[in-house]
>>> print(open('start-v7.cif').read())   # mmCIF, C-alpha atoms
data_start
loop_
_atom_site.label_atom_id
_atom_site.label_comp_id
_atom_site.auth_asym_id
_atom_site.auth_seq_id
_atom_site.Cartn_x
_atom_site.Cartn_y
_atom_site.Cartn_z
CA MET A 5 -86.81 -27.55 -47.22
CA PRO A 6 -86.51 -31.02 -48.78
CA ALA A 7 -84.32 -33.56 -47.05
CA SER A 8 -80.87 -34.17 -48.48
CA PRO A 9 -80.42 -37.45 -50.31
CA PRO A 10 -78.57 -40.16 -48.41
CA PRO A 11 -74.78 -40.21 -48.96
CA ILE A 12 -73.31 -42.82 -51.24
CA PHE A 13 -71.71 -44.40 -48.15
CA SER A 14 -73.97 -45.38 -45.25
CA SER A 15 -73.61 -47.28 -42.00
CA THR A 16 -77.03 -48.94 -42.06
CA ARG A 17 -77.02 -52.68 -42.67
CA ARG A 18 -79.87 -52.75 -45.19
CA HIS A 19 -80.77 -50.25 -47.88
CA PHE A 20 -82.61 -51.07 -51.08
CA LEU A 21 -82.95 -49.78 -54.58
CA ARG A 22 -86.67 -49.26 -55.16
CA ALA A 23 -88.17 -48.85 -58.63
CA ALA A 24 -91.77 -49.40 -59.61
CA GLY A 25 -92.25 -52.25 -57.17
CA ILE A 26 -88.80 -53.79 -57.65
CA SER A 27 -86.35 -54.05 -54.74
CA LEU A 28 -82.66 -54.60 -55.29
CA ALA A 29 -79.97 -54.77 -52.63
CA LEU A 30 -76.36 -53.75 -53.16
CA PRO A 31 -73.93 -56.46 -52.04
CA LEU A 32 -71.86 -56.14 -48.88
CA LEU A 33 -68.49 -54.80 -50.03
CA GLU A 34 -65.67 -55.87 -47.72
CA SER A 35 -63.20 -53.29 -49.07
CA LEU A 36 -65.40 -50.46 -47.78
CA GLY A 37 -66.33 -52.03 -44.47
CA GLY A 38 -70.04 -51.71 -45.14
CA ARG A 39 -72.64 -51.15 -47.86
CA VAL A 40 -72.71 -48.71 -50.70
CA PHE A 41 -76.22 -47.47 -51.30
CA ALA A 42 -78.24 -46.21 -54.19
CA GLN A 43 -81.85 -45.48 -55.04
CA ASP A 44 -83.10 -46.76 -58.48
CA SER A 45 -84.30 -46.59 -62.19
CA ALA A 46 -84.55 -47.94 -65.75
CA VAL A 47 -84.06 -48.24 -69.54
CA GLY A 48 -85.52 -50.36 -72.39
CA THR A 49 -86.87 -50.63 -75.91
CA LEU A 50 -89.95 -49.47 -77.71
CA PRO A 51 -92.80 -51.93 -78.05
CA GLY A 52 -93.46 -53.06 -81.56
CA LYS A 53 -94.30 -55.99 -83.75
CA VAL A 54 -92.06 -57.44 -86.41
CA ALA A 55 -93.88 -57.55 -89.74
CA GLY A 56 -93.75 -60.75 -91.71
CA ALA A 57 -95.67 -63.77 -92.84
CA THR A 58 -94.18 -66.25 -90.38
CA ARG A 59 -95.87 -66.60 -87.02
CA PRO A 60 -93.82 -65.89 -83.88
CA LYS A 61 -92.70 -68.84 -81.81
CA ARG A 62 -93.84 -69.23 -78.20
CA MET A 63 -92.38 -71.16 -75.31
CA VAL A 64 -94.10 -72.52 -72.19
CA CYS A 65 -92.19 -74.48 -69.54
CA VAL A 66 -94.15 -76.34 -66.86
CA GLY A 67 -92.13 -77.67 -63.94
CA ASN A 68 -93.30 -80.10 -61.30
CA LEU A 69 -91.56 -79.66 -57.95
CA LEU A 70 -91.55 -83.33 -56.88
CA GLY A 71 -91.23 -85.24 -60.13
CA PHE A 72 -93.35 -88.25 -61.07
CA HIS A 73 -93.46 -91.87 -60.00
CA PRO A 74 -91.11 -93.31 -62.69
CA PRO A 75 -93.06 -96.54 -63.49
CA ALA A 76 -96.20 -94.45 -64.03
CA PHE A 77 -94.48 -91.89 -66.28
CA PHE A 78 -91.96 -93.64 -68.53
CA PRO A 79 -93.16 -95.91 -71.37
CA THR A 80 -91.69 -99.41 -71.40
CA SER A 81 -91.03 -99.36 -75.16
CA THR A 82 -89.55 -96.79 -77.52
CA GLY A 83 -90.43 -95.46 -80.96
CA PRO A 84 -93.84 -94.40 -82.27
CA THR A 85 -95.80 -97.47 -81.09
CA TYR A 86 -95.10 -97.08 -77.36
CA ALA A 87 -97.99 -97.60 -74.93
CA LEU A 88 -98.87 -94.64 -72.74
CA PRO A 89 -98.20 -95.39 -69.05
CA THR A 90 -100.68 -94.62 -66.27
CA ASP A 91 -99.69 -90.99 -65.69
CA LEU A 92 -99.75 -90.09 -69.37
CA GLU A 93 -103.03 -91.71 -70.48
CA PHE A 94 -104.78 -88.33 -70.80
CA LEU A 95 -102.27 -87.39 -73.51
CA GLN A 96 -103.59 -90.02 -75.96
CA PRO A 97 -105.27 -87.38 -78.22
CA HIS A 98 -101.96 -85.51 -78.46
CA ARG A 99 -99.45 -88.31 -78.91
CA GLN A 100 -98.70 -87.26 -82.52
CA HIS A 101 -97.95 -83.75 -81.27
CA LEU A 102 -95.55 -84.63 -78.44
CA SER A 103 -92.37 -86.50 -77.63
CA VAL A 104 -91.65 -88.36 -74.41
CA PHE A 105 -87.97 -88.52 -73.42
CA SER A 106 -86.07 -90.78 -71.07
CA GLY A 107 -82.39 -90.73 -70.15
CA LEU A 108 -82.16 -86.92 -70.05
CA ASP A 109 -80.88 -85.02 -67.02
CA HIS A 110 -78.27 -82.49 -65.94
CA GLY A 111 -75.83 -84.85 -64.26
CA VAL A 112 -76.31 -83.06 -60.93
CA LYS A 113 -77.05 -84.33 -57.44
CA GLY A 114 -78.73 -82.78 -54.44
CA GLY A 115 -82.31 -84.02 -54.34
CA HIS A 116 -84.66 -81.14 -53.58
CA PHE A 117 -81.74 -78.70 -53.61
CA ALA A 118 -81.02 -79.51 -57.27
CA VAL A 119 -84.59 -79.06 -58.52
CA SER A 120 -83.90 -75.37 -59.21
CA ALA A 121 -81.49 -76.49 -61.97
CA PHE A 122 -84.41 -77.81 -64.05
CA LEU A 123 -84.40 -75.04 -66.68
CA SER A 124 -80.75 -74.07 -66.44
CA GLY A 125 -78.76 -77.27 -65.93
CA VAL A 126 -76.89 -75.48 -63.14
CA ARG A 127 -77.53 -75.58 -59.40
CA THR A 128 -77.64 -72.16 -57.77
CA ALA A 129 -74.66 -73.19 -55.63
CA ASP A 130 -72.61 -73.78 -58.81
CA ALA A 131 -73.78 -70.72 -60.75
CA LYS A 132 -70.58 -68.69 -60.27
CA SER A 133 -68.52 -71.32 -62.06
CA MET A 134 -70.59 -71.14 -65.25
CA PRO A 135 -70.22 -68.50 -68.00
CA GLU A 136 -73.95 -67.66 -67.91
CA GLY A 137 -74.54 -68.55 -64.26
CA ASN A 138 -77.82 -70.35 -63.68
CA LEU A 139 -79.65 -68.43 -66.42
CA THR A 140 -82.78 -70.41 -67.26
CA LEU A 141 -84.15 -71.41 -70.66
CA ASP A 142 -87.09 -69.02 -70.50
CA GLN A 143 -84.98 -66.02 -69.52
CA ARG A 144 -82.42 -66.76 -72.23
CA ALA A 145 -85.25 -66.64 -74.76
CA ALA A 146 -86.75 -63.54 -73.10
CA GLU A 147 -83.47 -61.65 -73.56
CA THR A 148 -84.16 -61.61 -77.31
CA MET A 149 -87.67 -60.16 -77.02
CA GLY A 150 -86.85 -56.47 -76.61
CA GLY A 151 -90.19 -54.66 -76.56
CA ALA A 152 -92.02 -56.99 -78.95
CA THR A 153 -94.53 -57.93 -76.22
CA ARG A 154 -95.77 -56.17 -73.11
CA PHE A 155 -94.24 -58.88 -70.94
CA PRO A 156 -90.96 -60.46 -72.14
CA SER A 157 -91.90 -63.46 -70.00
CA LEU A 158 -94.34 -64.52 -67.30
CA ALA A 159 -93.38 -66.61 -64.27
CA LEU A 160 -96.20 -68.40 -62.46
CA GLY A 161 -96.15 -70.63 -59.39
CA SER A 162 -96.46 -70.86 -55.67
CA GLU A 163 -94.46 -68.94 -53.08
CA SER A 164 -94.89 -71.62 -50.41
CA GLY A 165 -93.63 -75.16 -50.04
CA ILE A 166 -90.51 -77.05 -49.06
CA HIS A 167 -88.22 -74.63 -50.95
CA GLY A 168 -89.87 -71.51 -49.55
CA GLY A 169 -91.01 -70.35 -52.97
CA CYS A 170 -90.92 -70.94 -56.71
CA LEU A 171 -87.36 -71.49 -58.01
CA LEU A 172 -88.11 -72.22 -61.64
CA SER A 173 -86.90 -69.06 -63.37
CA TRP A 174 -83.55 -67.23 -62.95
CA THR A 175 -81.99 -64.26 -64.74
CA ARG A 176 -78.45 -63.92 -66.04
CA SER A 177 -77.52 -61.93 -62.92
CA GLY A 178 -78.54 -64.86 -60.68
CA THR A 179 -81.78 -63.23 -59.56
CA ARG A 180 -84.81 -65.43 -58.96
CA VAL A 181 -87.86 -64.30 -60.94
CA PRO A 182 -90.72 -64.07 -58.40
CA PRO A 183 -93.88 -65.78 -59.62
CA ILE A 184 -97.49 -64.69 -60.03
CA SER A 185 -99.32 -67.00 -57.64
CA THR A 186 -103.06 -66.70 -58.32
CA PRO A 187 -105.45 -66.45 -61.28
CA ARG A 188 -106.78 -63.09 -60.12
CA GLU A 189 -103.30 -61.59 -59.89
CA LEU A 190 -102.41 -62.91 -63.34
CA PHE A 191 -105.70 -61.71 -64.87
CA ARG A 192 -105.19 -58.19 -63.51
CA LYS A 193 -101.60 -58.07 -64.73
CA LEU A 194 -102.61 -59.13 -68.22
CA PHE A 195 -105.91 -57.37 -68.76
CA VAL A 196 -106.76 -54.69 -66.17
CA ALA A 197 -105.67 -51.17 -67.15
CA GLU A 198 -104.60 -48.50 -64.71
CA GLY A 199 -106.87 -45.48 -64.31
CA ALA A 200 -105.67 -42.14 -65.71
CA THR A 201 -104.62 -40.81 -62.30
CA ARG A 202 -102.69 -43.95 -61.36
CA LEU A 203 -101.10 -44.11 -64.80
CA ALA A 204 -99.84 -40.52 -64.53
CA ALA A 205 -98.48 -41.21 -61.05
CA SER A 206 -96.76 -44.37 -62.28
CA LEU A 207 -95.09 -42.51 -65.15
CA ASP A 208 -93.93 -39.76 -62.78
CA ARG A 209 -92.51 -42.42 -60.48
CA LEU A 210 -90.69 -44.11 -63.35
CA GLU A 211 -89.15 -40.81 -64.47
CA LEU A 212 -88.02 -40.01 -60.91
CA LYS A 213 -86.53 -43.43 -60.29
CA GLY A 214 -84.78 -43.31 -63.65
CA SER A 215 -83.07 -40.01 -62.87
CA ILE A 216 -82.03 -41.20 -59.40
CA LEU A 217 -80.54 -44.43 -60.72
CA ASP A 218 -78.70 -42.61 -63.50
CA ALA A 219 -77.03 -40.36 -60.92
CA VAL A 220 -76.15 -43.03 -58.39
CA HIS A 221 -75.05 -45.49 -61.05
CA GLY A 222 -72.24 -43.15 -62.11
CA ASP A 223 -71.19 -42.51 -58.51
CA ALA A 224 -71.10 -46.23 -57.75
CA GLN A 225 -68.96 -46.99 -60.80
CA SER A 226 -66.29 -44.60 -59.50
CA LEU A 227 -65.87 -46.87 -56.47
CA GLY A 228 -63.97 -49.40 -58.56
CA ARG A 229 -60.61 -47.82 -57.73
CA GLN A 230 -61.21 -48.44 -54.00
CA LEU A 231 -62.28 -52.09 -54.22
CA GLY A 232 -60.43 -55.34 -54.07
CA GLN A 233 -60.88 -57.96 -56.78
CA ARG A 234 -63.54 -59.89 -54.87
CA ASP A 235 -65.61 -56.76 -54.29
CA LYS A 236 -65.20 -55.71 -57.93
CA GLU A 237 -66.78 -59.03 -58.91
CA LYS A 238 -69.64 -58.41 -56.47
CA LEU A 239 -70.15 -54.92 -57.85
CA ASP A 240 -70.19 -56.30 -61.39
CA GLU A 241 -72.89 -58.80 -60.41
CA TYR A 242 -74.79 -55.92 -58.86
CA PHE A 243 -74.65 -53.87 -62.07
CA HIS A 244 -76.02 -56.86 -64.00
CA SER A 245 -78.97 -56.77 -61.62
CA VAL A 246 -79.32 -53.01 -62.09
CA ARG A 247 -79.46 -53.50 -65.85
CA ASP A 248 -82.24 -56.07 -65.37
CA VAL A 249 -84.17 -53.49 -63.37
CA GLU A 250 -83.53 -50.79 -65.98
CA LYS A 251 -84.91 -52.97 -68.75
CA GLN A 252 -88.04 -53.81 -66.77
CA ILE A 253 -88.81 -50.20 -65.95
CA GLU A 254 -88.22 -48.90 -69.45
CA LEU A 255 -90.44 -51.63 -70.88
CA ARG A 256 -93.22 -50.55 -68.50
CA ARG A 257 -92.76 -46.97 -69.61
CA GLN A 258 -92.96 -47.82 -73.31
CA TRP A 259 -96.12 -49.91 -72.92
CA ALA A 260 -97.85 -47.54 -70.48
CA HIS A 261 -100.16 -45.96 -73.10
CA VAL A 262 -100.82 -49.14 -75.10
CA PRO A 263 -104.31 -50.48 -74.25
CA LYS A 264 -104.44 -53.94 -72.74
CA PRO A 265 -106.46 -56.56 -74.66
CA ASP A 266 -110.03 -57.51 -73.79
CA PRO A 267 -110.03 -61.15 -72.60
CA LYS A 268 -113.83 -61.43 -72.96
CA MET A 269 -114.06 -63.21 -69.61
CA LYS A 270 -114.79 -62.21 -66.04
CA GLU A 271 -112.06 -61.78 -63.48
CA PRO A 272 -111.54 -65.23 -61.93
CA GLU A 273 -111.74 -66.02 -58.24
CA ASN A 274 -108.92 -67.62 -56.28
CA LYS A 275 -110.09 -71.03 -55.07
CA GLY A 276 -106.86 -72.80 -54.16
CA PHE A 277 -103.98 -74.06 -56.29
CA VAL A 278 -105.51 -77.39 -57.30
CA SER A 279 -108.83 -75.86 -58.37
CA ASP A 280 -107.02 -72.91 -59.95
CA LEU A 281 -104.75 -75.08 -62.12
CA PRO A 282 -107.03 -75.18 -65.21
CA VAL A 283 -107.75 -71.45 -64.87
CA MET A 284 -104.03 -70.63 -64.80
CA TYR A 285 -103.54 -72.69 -67.96
CA ASP A 286 -106.45 -70.86 -69.63
CA LEU A 287 -104.87 -67.52 -68.75
CA ILE A 288 -101.50 -68.62 -70.14
CA ALA A 289 -103.28 -69.55 -73.39
CA LEU A 290 -104.94 -66.11 -73.45
CA ALA A 291 -101.62 -64.39 -72.81
CA LEU A 292 -100.12 -66.20 -75.81
CA GLN A 293 -103.19 -65.67 -77.99
CA THR A 294 -103.26 -61.91 -77.32
CA ASP A 295 -99.46 -61.70 -77.78
CA SER A 296 -99.14 -60.21 -74.30
CA THR A 297 -96.15 -62.53 -73.95
CA ARG A 298 -94.55 -65.36 -75.89
CA ILE A 299 -92.76 -67.00 -72.95
CA ALA A 300 -94.18 -68.41 -69.72
CA THR A 301 -93.07 -70.70 -66.91
CA PHE A 302 -95.38 -72.44 -64.45
CA GLU A 303 -94.21 -74.39 -61.40
CA ILE A 304 -96.57 -76.92 -59.81
CA GLY A 305 -95.83 -77.76 -56.19
CA GLY A 306 -95.88 -75.81 -52.96
CA ASP A 307 -99.62 -75.17 -52.65
CA PHE A 308 -100.62 -78.32 -54.56
CA GLU A 309 -102.51 -79.82 -51.61
CA ALA A 310 -103.31 -83.51 -51.28
CA ASN A 311 -106.44 -82.77 -49.23
CA ALA A 312 -108.04 -81.32 -52.39
CA PHE A 313 -108.20 -84.95 -53.56
CA GLY A 314 -109.69 -86.21 -50.31
CA LEU A 315 -106.33 -87.63 -49.26
CA ASN A 316 -105.12 -87.69 -45.69
CA GLY A 317 -101.52 -86.59 -45.99
CA GLY A 318 -99.27 -84.17 -47.87
CA TYR A 319 -98.06 -84.16 -51.47
CA HIS A 320 -94.43 -84.07 -50.35
CA ALA A 321 -95.00 -86.96 -47.93
CA PHE A 322 -96.69 -89.08 -50.59
CA SER A 323 -93.75 -88.50 -52.95
CA HIS A 324 -91.59 -90.22 -50.31
CA HIS A 325 -93.85 -93.26 -50.42
CA GLY A 326 -91.32 -95.90 -49.30
CA GLN A 327 -92.90 -98.30 -51.83
CA ARG A 328 -96.13 -98.40 -49.81
CA PRO A 329 -98.92 -99.23 -52.32
CA GLU A 330 -101.48 -96.89 -50.75
CA ALA A 331 -99.04 -93.95 -50.83
CA ILE A 332 -98.09 -94.68 -54.45
CA ALA A 333 -101.78 -94.82 -55.40
CA ALA A 334 -102.34 -91.43 -53.75
CA LEU A 335 -99.31 -89.95 -55.50
CA ILE A 336 -100.42 -91.22 -58.91
CA LYS A 337 -103.87 -89.77 -58.35
CA MET A 338 -102.34 -86.30 -57.97
CA GLU A 339 -99.93 -86.81 -60.86
CA ARG A 340 -102.70 -87.91 -63.21
CA TYR A 341 -104.66 -84.75 -62.41
CA GLN A 342 -101.65 -82.62 -63.29
CA VAL A 343 -101.23 -84.40 -66.62
CA GLU A 344 -104.97 -84.21 -67.28
CA GLN A 345 -104.88 -80.42 -66.92
CA PHE A 346 -101.75 -80.22 -69.06
CA ALA A 347 -103.52 -82.27 -71.76
CA ARG A 348 -106.47 -79.89 -71.53
CA PHE A 349 -104.04 -76.99 -72.06
CA LEU A 350 -102.67 -78.65 -75.19
CA THR A 351 -106.23 -79.12 -76.45
CA LYS A 352 -106.86 -75.42 -75.86
CA LEU A 353 -103.74 -74.37 -77.77
CA GLY A 354 -104.63 -76.75 -80.58
CA SER A 355 -108.08 -75.18 -80.92
CA LEU A 356 -106.82 -71.61 -81.33
CA GLN A 357 -106.08 -70.55 -84.89
CA ASP A 358 -102.74 -68.80 -85.34
CA GLY A 359 -102.11 -67.81 -88.93
CA PRO A 360 -101.82 -70.89 -91.14
CA GLY A 361 -101.73 -73.23 -88.16
CA THR A 362 -102.71 -73.38 -84.49
CA LEU A 363 -101.19 -71.89 -81.40
CA LEU A 364 -99.91 -75.37 -80.51
CA ASP A 365 -98.12 -75.60 -83.87
CA HIS A 366 -96.22 -72.43 -82.99
CA SER A 367 -95.71 -73.06 -79.25
CA MET A 368 -93.05 -75.26 -77.68
CA VAL A 369 -94.54 -76.65 -74.48
CA LEU A 370 -92.11 -78.38 -72.11
CA PHE A 371 -93.44 -80.46 -69.22
CA GLY A 372 -91.30 -82.16 -66.60
CA SER A 373 -89.29 -81.79 -63.42
CA GLY A 374 -85.82 -81.34 -62.00
CA MET A 375 -86.56 -84.27 -59.68
CA GLY A 376 -86.10 -87.74 -61.13
CA ASN A 377 -87.35 -89.80 -58.21
CA ALA A 378 -88.44 -88.00 -55.06
CA ASN A 379 -88.66 -91.25 -53.09
CA SER A 380 -84.91 -91.78 -53.48
CA HIS A 381 -83.99 -88.08 -53.77
CA THR A 382 -82.31 -88.58 -57.14
CA ASN A 383 -82.03 -86.11 -60.03
CA GLY A 384 -81.18 -88.52 -62.83
CA ASN A 385 -83.44 -89.62 -65.72
CA LEU A 386 -85.76 -86.65 -65.41
CA PRO A 387 -89.40 -86.99 -66.52
CA ILE A 388 -89.55 -84.86 -69.68
CA LEU A 389 -91.95 -84.39 -72.55
CA LEU A 390 -92.19 -81.73 -75.24
CA ALA A 391 -95.28 -80.83 -77.25
CA GLY A 392 -95.90 -78.61 -80.27
CA GLY A 393 -93.48 -76.09 -81.70
CA GLY A 394 -93.29 -77.66 -85.16
CA PHE A 395 -90.94 -80.48 -84.11
CA ASN A 396 -91.24 -83.99 -85.54
CA HIS A 397 -93.08 -85.66 -82.65
CA GLY A 398 -94.91 -88.90 -82.00
CA GLU A 399 -92.24 -91.04 -80.30
CA HIS A 400 -90.78 -92.08 -77.00
CA ARG A 401 -87.10 -91.25 -77.42
CA ALA A 402 -84.73 -93.00 -75.01
CA TYR A 403 -81.08 -91.91 -74.57
CA PRO A 404 -78.24 -93.73 -72.79
CA ALA A 405 -77.88 -92.71 -69.14
CA GLN A 406 -74.09 -92.65 -69.51
CA GLY A 407 -71.26 -93.32 -71.91
CA LEU A 408 -71.38 -93.04 -75.69
CA GLY A 409 -74.59 -91.42 -76.89
CA ARG A 410 -75.45 -89.73 -73.58
CA GLN A 411 -77.36 -86.48 -74.14
CA PRO A 412 -77.56 -83.74 -71.51
CA LEU A 413 -81.05 -82.27 -71.06
CA CYS A 414 -79.54 -78.91 -72.02
CA ASN A 415 -79.12 -80.28 -75.56
CA LEU A 416 -82.91 -80.24 -75.79
CA TYR A 417 -82.83 -76.65 -74.58
CA VAL A 418 -80.40 -75.65 -77.33
CA SER A 419 -82.77 -77.20 -79.88
CA MET A 420 -85.67 -75.26 -78.37
CA LEU A 421 -83.75 -71.97 -78.32
CA GLN A 422 -82.75 -72.36 -81.96
CA ARG A 423 -86.35 -73.13 -82.93
CA PHE A 424 -87.40 -70.02 -81.00
CA GLY A 425 -85.00 -67.98 -83.13
CA VAL A 426 -82.12 -67.56 -80.68
CA GLU A 427 -78.65 -67.88 -82.20
CA ALA A 428 -77.36 -70.25 -79.53
CA GLU A 429 -74.87 -73.06 -80.03
CA LYS A 430 -74.52 -73.74 -76.31
CA PHE A 431 -76.63 -73.44 -73.20
CA GLY A 432 -75.82 -74.56 -69.66
CA THR A 433 -74.10 -77.94 -69.82
CA SER A 434 -75.04 -78.72 -73.42
CA THR A 435 -72.80 -80.47 -75.93
CA GLY A 436 -74.88 -79.53 -78.97
CA THR A 437 -78.48 -79.95 -80.08
CA LEU A 438 -80.54 -83.02 -79.13
CA THR A 439 -79.83 -85.92 -81.45
CA GLY A 440 -82.90 -87.23 -83.28
CA LEU A 441 -85.18 -84.24 -82.63
CA THR A 442 -85.97 -82.33 -85.81
#
>>> encode(input="start-v7.cif", output="structure tokens")
Amino acid sequence: MPASPPPIFSSTRRHFLRAAGISLALPLLESLGGRVFAQDSAVGTLPGKVAGATRPKRMVCVGNLLGFHPPAFFPTSTGPTYALPTDLEFLQPHRQHLSVFSGLDHGVKGGHFAVSAFLSGVRTADAKSMPEGNLTLDQRAAETMGGATRFPSLALGSESGIHGGCLLSWTRSGTRVPPISTPRELFRKLFVAEGATRLAASLDRLELKGSILDAVHGDAQSLGRQLGQRDKEKLDEYFHSVRDVEKQIELRRQWAHVPKPDPKMKEPENKGFVSDLPVMYDLIALALQTDSTRIATFEIGGDFEANAFGLNGGYHAFSHHGQRPEAIAALIKMERYQVEQFARFLTKLGSLQDGPGTLLDHSMVLFGSGMGNANSHTNGNLPILLAGGGFNHGEHRAYPAQGLGRQPLCNLYVSMLQRFGVEAEKFGTSTGTLTGLT
């Protein structure tokens, strides 16, 4: 005789919703003196392409965990005739296709603890005070995708480092999007199909989880009458998370029988983050080219090891150089490699035909950091550049750090969202679109 399902109330401290590899915990509800438990499921939209002559827009956001040495990143003059500083020299072939910005930030403090605000403008500690929490740029764009691509977005990065994992991408419900950490894992996600037996088992699992979540969801909603205001808010946050899970599972269901594209390349090996960096960029380009996704984030840090450059020390330690020339030289060596690989990625996108233009023409590629100066633990004047996407590029654009004319970094994000096709007048701490960027 099958075991009875667990009651809606339980005395155990931890119990998780499980659905197709996703775990979701119900918050501790003080009004009930314990946890309310459920088991899990999904919903979503049918995959499909929108017919039309215009090419879809793409968005890639690359975030560096420790920022860049400011004198090596920021040009000393503005306008179209600026000289490329040391860190940016590899971008010379692309200078007409990118803009370098200075004076943009989120007006937040916290050093390493504020880096997670890079794509949202909001620190995780302040998320509850904002209408959209710490929802990040990529996830705001991904909300509009429906089932147009197999993956609404891809998050890539390391799960090790000073923060204990990649903190670049966050959903509306305040959930961190866990990253894909290696080229092999990303390749398999994008291009390796499940066998018939595993596919059937996966579909059965999705159907089961869906029915369980449907049942428990209704039971949990009835708890509202027994909860205080604080717990009602927690339960509401929880249901936002449940809806995220539902959308993910339904999307998997709808794409289950659609063949994955042939990348025409062998499965890559994992050789270490530094060596893997160009491979990860190549796979992002393939994901965009095959329309597997139109949105990707990639955080560089964590596993970016200084010893891969023959340096005796750590990346984090070198970023706190204390103005020591040898430490600055080591830091710049690592920064230049990152920009070199980013420039190579732009070259790749520019070489791929996409309708009447190239993939770079139709892809907004943001590169920067939520750390302004790691040596002084400041989050002002963030290192930011934007390439592609059809914007009018070719300049170093400098904005006042304060007072009249100050522009929050989120103004750039509003401009990017609108170019992506999102009807957004505000995002994070924005005050409008970014002045001068067309």
>>> closest_residue(input="start-v7.cif", among="A:Ala405, A:Ile336, A:Met375, A:Leu370", to="A:Glu93", atoms="all atoms listed in the file")
A:Ile336
>>> atom_distance(input="start-v7.cif", atom1="atom CA of A:His320", atom2="atom CA of A:Ile299")
28.4 Å
>>> residues_around(input="start-v7.cif", residues="A:Thr148", least_positions_apart="2", cutoff="12 Å", atoms="all atoms listed in the file", output="list in words")
Thr49, Leu141, Asp142, Gln143, Arg144, Ala145, Ala146, Gly150, Gly151, Ala152, Thr153, Pro156, Ser157, Arg298, Ile299, Leu421, Gln422, Phe424, Gly425, Val426, Glu427 and Ala428 of chain A
>>> residues_around(input="start-v7.cif", residues="A:Gly111", least_positions_apart="2", cutoff="9 Å", atoms="all atoms listed in the file", output="list in words")
Leu108, Asp109, Lys113, Gly125, Asn383, Gly384, Pro412 and Leu413 of chain A
>>> closest_residue(input="start-v7.cif", among="A:Tyr417, A:Phe395, A:Phe191, A:Phe72", to="A:Tyr319", atoms="all atoms listed in the file")
A:Phe72
>>> atom_distance(input="start-v7.cif", atom1="atom CA of A:Thr297", atom2="atom CA of A:Cys170")
19.9 Å
>>> resolve_selection(input="start-v7.cif", expression="the PyMOL selection byres ((chain A and resi 92) around 8)", output="list in words")
Ala76, Phe77, Leu88, Pro89, Thr90, Asp91, Glu93, Phe94, Leu95, Gln96, Arg340 and Val343 of chain A
>>> residues_around(input="start-v7.cif", residues="stretch 314-316 of chain A", least_positions_apart="2", cutoff="10 Å", atoms="all atoms listed in the file", output="list in words")
Glu309, Ala310, Asn311, Ala312, Gly318, Tyr319, Phe322, Ala331, Ala334, Leu335, Lys337 and Met338 of chain A
>>> closest_residue(input="start-v7.cif", among="A:Asn396, A:Thr140, A:Ser177, A:Gln411", to="A:Thr442", atoms="only C-alpha atoms")
A:Asn396
>>> atom_distance(input="start-v7.cif", atom1="atom CA of A:Ser185", atom2="atom CA of A:Phe277")
8.6 Å
>>> residues_around(input="start-v7.cif", residues="A:His381", least_positions_apart="4", cutoff="12 Å", atoms="only C-alpha atoms", output="compact mmCIF listing (two decimals) with C-alpha atoms, in the frame of the given file")
# COMPACT_ATOMS: atom_id res chain seq x y z
CA LEU A 70 -91.55 -83.33 -56.88
CA GLY A 71 -91.23 -85.24 -60.13
CA PHE A 72 -93.35 -88.25 -61.07
CA HIS A 73 -93.46 -91.87 -60.00
CA VAL A 112 -76.31 -83.06 -60.93
CA LYS A 113 -77.05 -84.33 -57.44
CA GLY A 114 -78.73 -82.78 -54.44
CA GLY A 115 -82.31 -84.02 -54.34
CA HIS A 116 -84.66 -81.14 -53.58
CA PHE A 117 -81.74 -78.70 -53.61
CA ALA A 118 -81.02 -79.51 -57.27
CA VAL A 119 -84.59 -79.06 -58.52
CA HIS A 320 -94.43 -84.07 -50.35
CA SER A 323 -93.75 -88.50 -52.95
CA HIS A 324 -91.59 -90.22 -50.31
CA HIS A 325 -93.85 -93.26 -50.42
CA GLY A 326 -91.32 -95.90 -49.30
CA GLY A 374 -85.82 -81.34 -62.00
CA MET A 375 -86.56 -84.27 -59.68
CA GLY A 376 -86.10 -87.74 -61.13
CA ASN A 377 -87.35 -89.80 -58.21
CA LEU A 386 -85.76 -86.65 -65.41
>>> resolve_selection(input="start-v7.cif", expression="the PyMOL selection byres ((chain A and resi 273) around 12)", output="list of chain:residue names")
A:Thr186, A:Pro187, A:Arg188, A:Glu189, A:Leu190, A:Phe191, A:Arg192, A:Met269, A:Lys270, A:Glu271, A:Pro272, A:Asn274, A:Lys275, A:Gly276, A:Phe277, A:Ser279, A:Asp280, A:Val283, A:Met284
>>> closest_residue(input="start-v7.cif", among="A:Gln345, A:Pro97, A:Ser373, A:Arg62", to="A:Ser120", atoms="all atoms listed in the file")
A:Ser373
>>> residues_around(input="start-v7.cif", residues="A:Leu171", least_positions_apart="3", cutoff="8 Å", atoms="all atoms listed in the file", output="list in words")
Ser120, His167, Trp174, Arg180 and Val181 of chain A
>>> closest_residue(input="start-v7.cif", among="A:Gln100, A:Gln258, A:Ser124, A:Thr439", to="A:Thr85", atoms="only C-alpha atoms")
A:Gln100
>>> resolve_selection(input="start-v7.cif", expression="the PyMOL selection byres ((chain A and resi 401) around 8)", output="list in words")
Thr82, Gly83, Ser103, Val104, Phe105, Ser106, Glu399, His400, Ala402 and Tyr403 of chain A
>>> closest_residue(input="start-v7.cif", among="A:Glu303, A:Glu136, A:Asp358, A:Asp365", to="A:Gly169", atoms="only C-alpha atoms")
A:Glu303
